[in-house]
Structure formats: C-alpha cells, structure tokens
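Engineer: What follows is a structure written as structure tokens; I'll ask about it next.
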Number of protein chains: 2
Amino acid sequence: MRATVLHAPRDVRVEDRPVPTLQHPTDAVIRTVVTCVCGSDLWDYRGVNEVAGPTPGGHEYVGIVEEVGSEVTGIKPGQLVVGSFFASDNTCPHCENGYQTNCVHREFVGGAQAEYVRVPLADGTLVHVPGDVADAYLPSLLACSDVMGTGWYAAVAAQVQPGHTVVVVGDGAVGLCAVIAAREMGAERIIAMSRHEPRQKLAREFGATDIVAERGDEGVARVKELTGGIGADAVLECVGTSHSMRQSLNSTRPGGNVGFVGVPHGVRIDGEELFFSHVALRGGPAPVRAFLPDLVQRVLDGRIDPGKVFDLELPLEQAAEGYKAMDERRAVKALLRP
Amino acid sequence: MRATVLHAPRDVRVEDRPVPTLQHPTDAVIRTVVTCVCGSDLWDYRGVNEVAGPTPGGHEYVGIVEEVGSEVTGIKPGQLVVGSFFASDNTCPHCENGYQTNCVHREFVGGAQAEYVRVPLADGTLVHVPGDVADAYLPSLLACSDVMGTGWYAAVAAQVQPGHTVVVVGDGAVGLCAVIAAREMGAERIIAMSRHEPRQKLAREFGATDIVAERGDEGVARVKELTGGIGADAVLECVGTSHSMRQSLNSTRPGGNVGFVGVPHGVRIDGEELFFSHVALRGGPAPVRAFLPDLVQRVLDGRIDPGKVFDLELPLEQAAEGYKAMDERRAVKALLRP
C-alpha cells in the first residue's frame with residue numbers, strides 16, 4: 001500500500017509499505033477513505049521534535065472496516081468508522097471518567113496517512129457512522145477524529161458555559177474548531193485571536209463575534225478592553241508555546257479557566273503567578289473518543305461543519321505538498337485521499 | 001495600644017503603637033477580641049520572605065466594632081464581627097464572581113495582632129455575627145477569618161463533590177480545616193497526609209478516613225495503593241513548596257483537580273507534565289469573604305469546630321512564644337487574647 005513516511009525535517013515521502021494486519025484479537029484493520037495532515041505533525045516536520053528514524057505519518061482517519069479480530073464485537077467489516085488518535089478500551093476507570101486518552105491500555109494510532117491502518121482496541125476506539133453517509137460529510141467527520149474533538153475538549157476543560165465570554169488563542173484548525181465548540185456550548189461572545197484574513201473569515205463563519213489581531217501583551221490589553229477590564233471567563237489555548245500560554249493566562253478573569261490543548265513546547269508556569277491570578281488550568285491530549293458519538297451526530301444533523309478547515313485537498317500521493325502548504329501557512333489543513 | 005511587631009527573623013516583640021483611626025469614610029475600627037498567629041506569618045518569621053523594616057503582625061481577627069466611617073451602613077458599633085485578611089468592596093465584578101481576594105479595591109488587613117485594628121471597606125469586608133455568642137465559639141469564628149476559609153476554598157478550587165476521594169497535603173491548621181471542608185462537601189474518603197501523631201488525631205476527628213505518613217514519591221505510591229491505582233478525585237495542597245505541589249499533582253487522577261492554597265515559594269510547573277496528567281489546577285489567596293456567612297452559620301449551628309486547631313492560647317503579651325511554638329512545631333496554631 002501507499003503511505004507517507006517522514007525521513008528527516010521537511011522530507012516527507014509517499015512510499016510502498018506492507019498492508020497492516022491484525023496483531024491482537026481486539027484489533028481492526030480499516031481501509032482509509034480520508035485522512036489528513038495535523039498541525040502537530042509539523043513539530044516533527046520542522047525538526048522541533050527529534051525524529052529517530054523514518055516514521056509513518058498521520059493519526060486522523062475515516063475509513064471502512066476491512067477486518068476485525070476475534071474479540072471485536074461492536075464493529076463489523078463494511079462499516080464506516082471514525083476513531084481517535086489514541087486507542088482506548090473505553091471501559092477502564094479513566095475511560096469511564098471521560099479521559100480515554102489516559103486509558104490504562106491506551107496506544108497511539110500512527111501511520112494513518114496510508115491506504116490501510118490498524119486500529120487497536122477497535123471496540124473501544126472506533127465509532128460507527130450510521131446510515132448512507134454522503135461524501136460531503138466526510139471532511140467534517142474526519143475533523144472529528146482530532147481537531148474538532150480537540151477544540152471541543154479545550155472548551156470542556158475551560159468549562160465554557162452559556163453566556164460566557166470566550167477567547168480562542170490560535171487560529172489553526174484546532175483553534176477554529178474551538179470557536180465552533182464555544183458557540184455550541186452557548187458562549188455569548190467569542191473573541192478569536194487571528195491576524196490572517198482567511199482564518200478570521202472562517203472564525204467569524206464558525207461563530208466568532210470579535211477578532212483580535214494583536215498578540216502578547218497587546219493582545220491581552222485588547223481582550224481586557226473588550227471585556228470592560230475584567231478578562232474572559234474562558235480561554236482556549238490552541239498553540240502550545242510559552243507566549244501563547246502567557247497570553248492565555250493573562251487574558252482570563254480571576255476565577256476563569258484556561259483549557260490548553262496545544263502540546264506544550266518549553267512551557268513553564270510560575271506557581272506564584274498562577275496562584276495570584278485565581279485562574280484554573282486544565283490541558284491534555286483531548287479524549288476525543290468521549291465526544292465522538294455526539295460530534296458525529298452534530299455533523300450528520302448539519303449543526304456543525306468543521307470540515308471547512310480543510311482548505312486544501314490532495315491525493316495521498318501528493319502528501320508532501322500538503323505538509324509544505326501547511327508549514328508555509330498557505331493552507332490551514334490538508335485533506336488527503338488515498 | 002499593645003501590638004506585635006516583627007523586627008527581624010525570629011524577633012517578634014509586643015510594643016506600644018498608636019490606636020488606629022478611621023482614614024476613609026468606608027473604614028471601621030474594631031476592638032480585637034481574639035487574634036492569632038498564621039502559618040504564613042512564619043515565612044516572614046523564618047526569614048524566607050524578606051522583611052523591609054519593623055512590621056506589625058497578624059491578619060486574623062474577631063472583634064467588636066468600635067467606630068465606623070460616615071459611609072458605612074451595614075456594620076454598627078457594638079456588633080461582633082469577623083472579616084477576611086483582604087478587605088474587599090464585595091460589589092465589583094470580581095467580588096460578584098466570588099473572588100473577593102481579587103477585588104479591584106482589595107487591600108490587605110495587616111496588624112491584627114493588636115488591641116485595635118482598622119478594617120477598610122467595612123461594609124464589604126466584615127460579617128456581623130448575630131445573637132449573644134458564647135465565648136466557646138470564639139476560636140472557631142476566628143478560624144473562619146482565614147484558615148477555615150482557606151481550607152474551604154481549597155476544596156472549592158479542587159471541585160470536591162459528594163462521594164469523592166480527597167487527599168489533603170499539609171497538616172497545618174489550613175490542611176486540618178481542609179479536612180473539615182472536604183467532609184462538609186460530602187467526600188466519601190479523606191486521606192490526610194501527616195506524620196505528626198497529634199495532628200493525625202485531629203485530622204481523624206475532623207473527618208479523615210485514612211492517614212498517610214509517607215511523603216513525596218512514597219506518599220504518592222501510598223495514595224495510588226489506597227485508590228486502586230487510580231489516584232484521588234481532588235487534592236488539596238496546603239503547603240506551598242515544590243515538593244508538596246509535585247506530590248499533589250502526582251496523587252491526582254486524570255480529570256481530577258488540585259486546589260492549591262499554600263502560598264507558592266519557588267514552585268515551577270512543567271507545562272508538558274501538567275498537560276499529559278489531565279489534572280486541573282486552581283489556587284490563590286482564598287476569597288474567605290465569599291464563604292464567611294455560611295461558615296459562621298455552620299459554627300453557630302455546631303456543625304463545624306475549626307477552633308480546635310488552636311492548641312495554644314496566650315495573652316497577646318506573649319505573642320513571641322506563640323510564634324516560637326509554631327516555628328518549632330510544638331503548636332499547630334496559637335490564639336492570642338489582647
């Protein structure tokens with residue numbers, strides 16, 4: 001089969017690799033219908049994360065079940081499914097508590113930018129998309145696999161409530177999906193921090209009521225100005241740098257919450273500053289599996305359309321151009337069709 | 001009047017100082033009935049915090065209103081009152097949101113270890129204790145002024161719910177009061193981390209179901225053992241060191257909450273570790289004023305008896321011995337009578 005492999009910074013190739021097979025009786029193998037490039041793939045692509053050797057890329061997928069192991073009972077061959085980037089049994093205490101990405105049996109689902117992908121713990125990980133699903137829904141279903149689920153978790157972690165003023169830091173695909181999440185949870189005011197015109201436009205389309213182009217202390221000052229000096233009830237941090245974390249904490253009102261979903265790179269938080277801010281902080285790899293059934297239903301009902309974050313669509317063979325376009329910020333997110 | 005003054009590390013003296021007077025029309029001056037020494041006073045006493053010059057001590061008080069400014073309408077001379085260590089107007093957006101210690105007009109109430117104390121923003125800060133209050137209630141009312149309110153906030157910040165397993169890190173007066181708070185909020189299991197027999201005993205009396213004497217990684221391992229490998233739903237951090245924060249974060253289950261009320265000294269939190277833990281963190285100087293009416297009522301109803309943390313009672317003149325006994329951990333908390 002064809003699959004992407006990262007060989008070195010900025011060296012992504014599409015190569016022949018063996019079709020994955022069932023390794024455990026709880027596995028499924030699915031035929032990928034749509035997959036994509038993630039903002040988090042860029043940490044590796046740019047050489048920020050060290051890459052030990054040639055690494056298959058991708059962890060987002062919608063596909064048709066090809067084969068299931070002998071212990072899989074809830075998922076059947078032929079079904080259209082979507083899953084999270086972490087496999088989970090969905091039955092352990094952490095899963096039952098809604099934190100499937102901390103499942104005691106969790107396993108990263110890698111190599112999804114490929115014609116086939118093996119998904120461990122298929123019963124716990126995959127969600128069947130029922131009915132005869134029109135092609136037009138596929139991008140939005142694919143978005144649920146990670147970026148929409150991650151934006152949703154940012155809003156859950158920041159305890160967004162009806163009537164809230166919410167700030168979204170980061171205008172990548174996750175930040176844009178976080179705008180959708182805040183809107184769906186009833187936020188009254190959604191301030192999107194963005195300096196890129198096409199992303200500002202999409203943020204507004206998704207429900208942002210205000211756009212702030214300033215960053216850092218100037219961005220904080222602008223948020224304070226927009227909130228009568230008080231700060232936001234909830235801030236959704238969707239970047240992962242020291243700057244974005246600082247900006248997020250300083251934009252939040254005392255008693256407010258920051259949900260942080262950008263994987264932190266070199267972020268250190270001063271305990272005393274956090275103390276006197278009265279701000280709460282929760283982050284983590286999003287337990288997408290917890291939200292998937294609900295998100296899939298919202299997509300099928302036409303309530304949300306996170307697939308709009310895909311502003312570039314390419315055949316899998318041209319995956320390298322997808323990475324390049326995202327790296328150069330020419331594209332928000334690239335969808336790949338095997 | 002007589003009042004304590006800290007001159008240098010371990011040099012507390014009781015001296016003559018002028019009786020405070022009204023400085024603003026929103027002030028009150030109260031005659032102190034009971035006051036005490038706080039664990040946080042020890043940071044100064046031990047020289048951990050630098051002290052610029054001779055500094056009047058104390059910020060906890062129950063007293064009789066002596067005089068009020070022309071704009072004070074809710075508090076009257078002759079009333080028995082208790083207040084928080086931060087004065088607050090109780091009407092600004094942060095106060096209305098329950099964070100009076102972040103009031104836009106907040107002001108620290110210092111110099112309470114004295115015969116009289118000036119309380120700014122009297123209407124917002126002071127709570128009238130109604131009825132003919134027996135002397136026996138005074139220690140518990142005094143505890144509400146800080147340690148009981150602070151322990152309560154730790155439990156609020158950690159979102160303690162009925163049925164929860166709660167860990168309390170720190171067996172000082174605040175930690176012991178945090179045990180009471182967890183019990184009042186319906187925690188099913190309360191694990192107190194303590195290696196001092198008299199404090200273990202008081203923790204059990206206050207509602208602790210388990211005592212763990214181990215600290216650091218061993219303490220974490222013991223908590224994991226007690227919780228079937230899962231960790232606690234809520235951890236109340238009542239110390240403020242790097243070690244206690246680390247222990248608290250590592251004792252919490254994914255999706256759980258740490259409420260931290262020990263003023264952090266040199267605490268740095270690694271963003272990546274916090275991210276992958278899925279643990280939320282909220283701290284701060286406790287908005288005691290938000291809880292005071294309820295806590296006072298619980299004391300008067302005989303539901304809670306946080307005054308038991310005072311295991312040493314001295315005349316104000318002997319305040320130095322109170323500091324010394326607490327510094328040497330011979331006493332949990334020293335009550336002073338002017």
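In the structure tokens, chains take the letters A, B, ... in the order shown, each chain's residues start at 1, and ligands count up from 1 in the order shown.
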Can you tell me, as a ChimeraX atom specification, what residues are no more than 7 Å from segment 308-314 of chain A when counting only C-alpha atoms, ignoring any on the same chain fewer than 6 positions away?
Structural biologist: /A:173,331-337
Engineer: Which polymer residues have any atom within 10 Å of an atom of segment 175-178 of chain A, counting only C-alpha atoms, with same-chain residues fewer than 2 positions away left out, as a PyMOL selection string?
Structural biologist: chain A and resi 143-144+146-156+166-173+180-184+190+192-194+199-200+202-208+236-239+261-262+304-309+332
Engineer: Identify all residues of segment 41-170 of chain B in strand (DSSP E) (DSSP on the backbone) and supply them as a PyMOL selection string.
Structural biologist: chain B and resi 55-56+61-68+80-83+86-87+107-108+116-119+126-128+165-169
Engineer: For the residues in the current selection, export C-alpha atoms as a compact mmCIF listing (two decimals), in the first residue's frame.
Structural biologist:
```txt
# COMPACT_ATOMS: atom_id res chain seq x y z
CA THR B 55 6.27 45.17 60.50
CA PRO B 56 3.09 44.86 62.57
CA TYR B 61 -9.41 38.78 63.86
CA VAL B 62 -12.75 38.64 65.61
CA GLY B 63 -13.72 41.89 67.28
CA ILE B 64 -16.28 44.40 68.43
CA VAL B 65 -16.90 47.36 66.16
CA GLU B 66 -15.64 50.47 67.91
CA GLU B 67 -16.24 53.13 65.27
CA VAL B 68 -17.35 53.29 61.64
CA LEU B 80 -19.37 41.32 66.99
CA VAL B 81 -17.71 40.90 63.58
CA VAL B 82 -15.32 38.64 61.71
CA GLY B 83 -13.59 39.55 58.46
CA PHE B 86 -8.18 41.05 52.39
CA ALA B 87 -10.61 43.95 52.52
CA GLU B 107 -6.40 45.98 50.49
CA PHE B 108 -4.50 43.73 52.88
CA TYR B 116 -7.43 47.52 67.77
CA VAL B 117 -7.38 47.11 64.01
CA ARG B 118 -8.53 49.31 61.14
CA VAL B 119 -10.59 47.45 58.55
CA LEU B 126 -16.92 42.43 57.75
CA VAL B 127 -19.60 39.90 58.61
CA HIS B 128 -21.77 40.51 61.66
CA THR B 165 -11.84 10.60 47.33
CA VAL B 166 -9.91 13.62 48.58
CA VAL B 167 -6.25 13.90 49.57
CA VAL B 168 -5.14 16.73 51.87
CA VAL B 169 -1.43 17.59 51.62
```
Engineer: Measure the distance from atom CA of Arg330 of chain B to atom CA of Glu197 of chain B in Å and round it to one decimal.
Structural biologist: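 Here the two named atoms are 11.9 Å from each other.
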Engineer: Residues of chain A were defined as contacting chain B if any atom lay at most 7 Å from it, counting only C-alpha atoms; please report them as a list in words.
Structural biologist: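 Using only C-alpha atoms, chain A residues at most 7 Å from chain B: His94, Tyr99, Asn102, Pro254, Gly255, Pro264, Val267, Arg268, Ile269, Asp270, Gly271, Glu272, Phe275, Phe276, Ser277, His278, Val279, Ala280, Leu281, Arg282, Gly283, Gly284 and Pro285 of chain A.
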Engineer: Between A:Ala8, A:Val48, A:Ala234, A:Ala122, which has the minimum distance to Thr73 of chain A (counting only C-alpha atoms)?
Structural biologist: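 Among A:Ala8, A:Val48, A:Ala234, A:Ala122, it is A:Ala122 that comes nearest to Thr73 of chain A.
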Engineer: From the DSSP assignment of the backbone, select every residue of segment 14-191 of chain A that is helix (DSSP H, G or I), and format the answer as a VMD selection string.
Structural biologist: chain A and resid 41 to 45 93 to 96 100 to 102 122 to 125 135 to 144 147 to 157 173 to 184
Engineer: Figure out the distance between atom CA of Val235 of chain B and atom CA of Val179 of chain B, please, to one decimal in Å.
Structural biologist: 10.8 Å
Engineer: Neighbouring residues of Pro120 of chain B were defined as those with any atom within 10 Å, considering only C-alpha atoms; residues of the same chain fewer than 4 positions away were excluded. Please report them as a count of residues only.
Structural biologist: 22
Engineer: Do you have the atom CA of Pro162 of chain A-atom CA of Arg215 of chain A distance handy?
Structural biologist: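 Computed distance, atom CA of Pro162 of chain A to atom CA of Arg215 of chain A, equals 26.5 Å.
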